[in-house]
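J.: Dumping the structure here so I can ask a few things about it.
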Amino acid sequence: MPQASRLGLRYVAHVLQADRHSDIIPNQMPASVPFELQIFQDPDAARHWLRQCRQLLATSATSPA
């Protein structure tokens, strides 16, 4: 995680495995992570959320401070 954060990772969309009732990634994540993690059951919803995050970053980068 530290390297991902240094490289600029800001958002992670994790899609749960369809054949599992639980998933190891959300269960082993520390309480505090340097990026926003969202859990999804649907890959299309995850992609949609990531596109929204990208648009938000682009908008905030071009907005005057």
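Starting from 1 in every chain, residues are counted up; chains themselves are A, B, ... following the order of the structure tokens, and ligands are numbered from 1 as listed.
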Name the residues of chain A that come out as alpha helix (DSSP H) in a backbone DSSP run; write them as a ChimeraX atom specification.
T.: /A:2-6,24-28,43-62
J.: Extract, using only C-alpha atoms, all DNA, RNA and protein residues at most 8 Å from region 49-58 of chain A, discarding same-chain residues fewer than 4 positions from it, and format them as a list in words.
T.: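 In the requested format, the answer is Tyr11, Val12, Ala13, Ala45 and Thr62 of chain A.
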J.: Near Gln41 (chain A), counting only C-alpha atoms, which residues have an atom at most 10 Å away, once you skip same-chain residues fewer than 4 positions from it, shown as a list in words?
T.: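 So the residues in contact are His14, Val15, Leu16, Gln17, Ala18, Ala45 and Ala46 of chain A.
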J.: Using only C-alpha atoms, determine which residues lie at most 12 Å from Ser32 (chain A), disregarding the query and same-chain residues fewer than 5 positions distant; provide the list as a list in words.
T.: Met1, Pro2 and Leu37 of chain A
J.: I want to know what sits within 12 Å of Gln3 (chain A), based on only C-alpha atoms, with residues of the same chain fewer than 4 positions away left out; could you give that as a PyMOL selection string?
T.: chain A and resi 7-10+34-35
J.: Using N, CA, C and O atoms, can you write the selected residues to a file as a PDB file, in the first residue's frame?
T.:
```
ATOM      1  N   LEU A   7       2.785   6.302  -5.589  1.00  0.00           N
ATOM      2  CA  LEU A   7       2.609   6.388  -7.040  1.00  0.00           C
ATOM      3  C   LEU A   7       1.323   7.103  -7.438  1.00  0.00           C
ATOM      4  O   LEU A   7       1.060   7.295  -8.613  1.00  0.00           O
ATOM      5  N   GLY A   8       0.517   7.478  -6.455  1.00  0.00           N
ATOM      6  CA  GLY A   8      -0.665   8.279  -6.735  1.00  0.00           C
ATOM      7  C   GLY A   8      -1.996   7.553  -6.721  1.00  0.00           C
ATOM      8  O   GLY A   8      -3.001   8.128  -7.112  1.00  0.00           O
ATOM      9  N   LEU A   9      -2.023   6.310  -6.262  1.00  0.00           N
ATOM     10  CA  LEU A   9      -3.290   5.591  -6.198  1.00  0.00           C
ATOM     11  C   LEU A   9      -4.224   6.318  -5.243  1.00  0.00           C
ATOM     12  O   LEU A   9      -3.856   6.634  -4.119  1.00  0.00           O
ATOM     13  N   ARG A  10      -5.427   6.620  -5.696  1.00  0.00           N
ATOM     14  CA  ARG A  10      -6.387   7.347  -4.861  1.00  0.00           C
ATOM     15  C   ARG A  10      -7.667   6.568  -4.637  1.00  0.00           C
ATOM     16  O   ARG A  10      -8.337   6.758  -3.639  1.00  0.00           O
ATOM     17  N   PRO A  34      -4.483   4.672   2.662  1.00  0.00           N
ATOM     18  CA  PRO A  34      -4.204   5.975   2.046  1.00  0.00           C
ATOM     19  C   PRO A  34      -4.998   6.228   0.767  1.00  0.00           C
ATOM     20  O   PRO A  34      -4.648   7.101  -0.013  1.00  0.00           O
ATOM     21  N   PHE A  35      -6.029   5.456   0.521  1.00  0.00           N
ATOM     22  CA  PHE A  35      -6.860   5.642  -0.663  1.00  0.00           C
ATOM     23  C   PHE A  35      -8.291   5.246  -0.309  1.00  0.00           C
ATOM     24  O   PHE A  35      -8.548   4.641   0.727  1.00  0.00           O
TER      25      PHE A  35
END
```
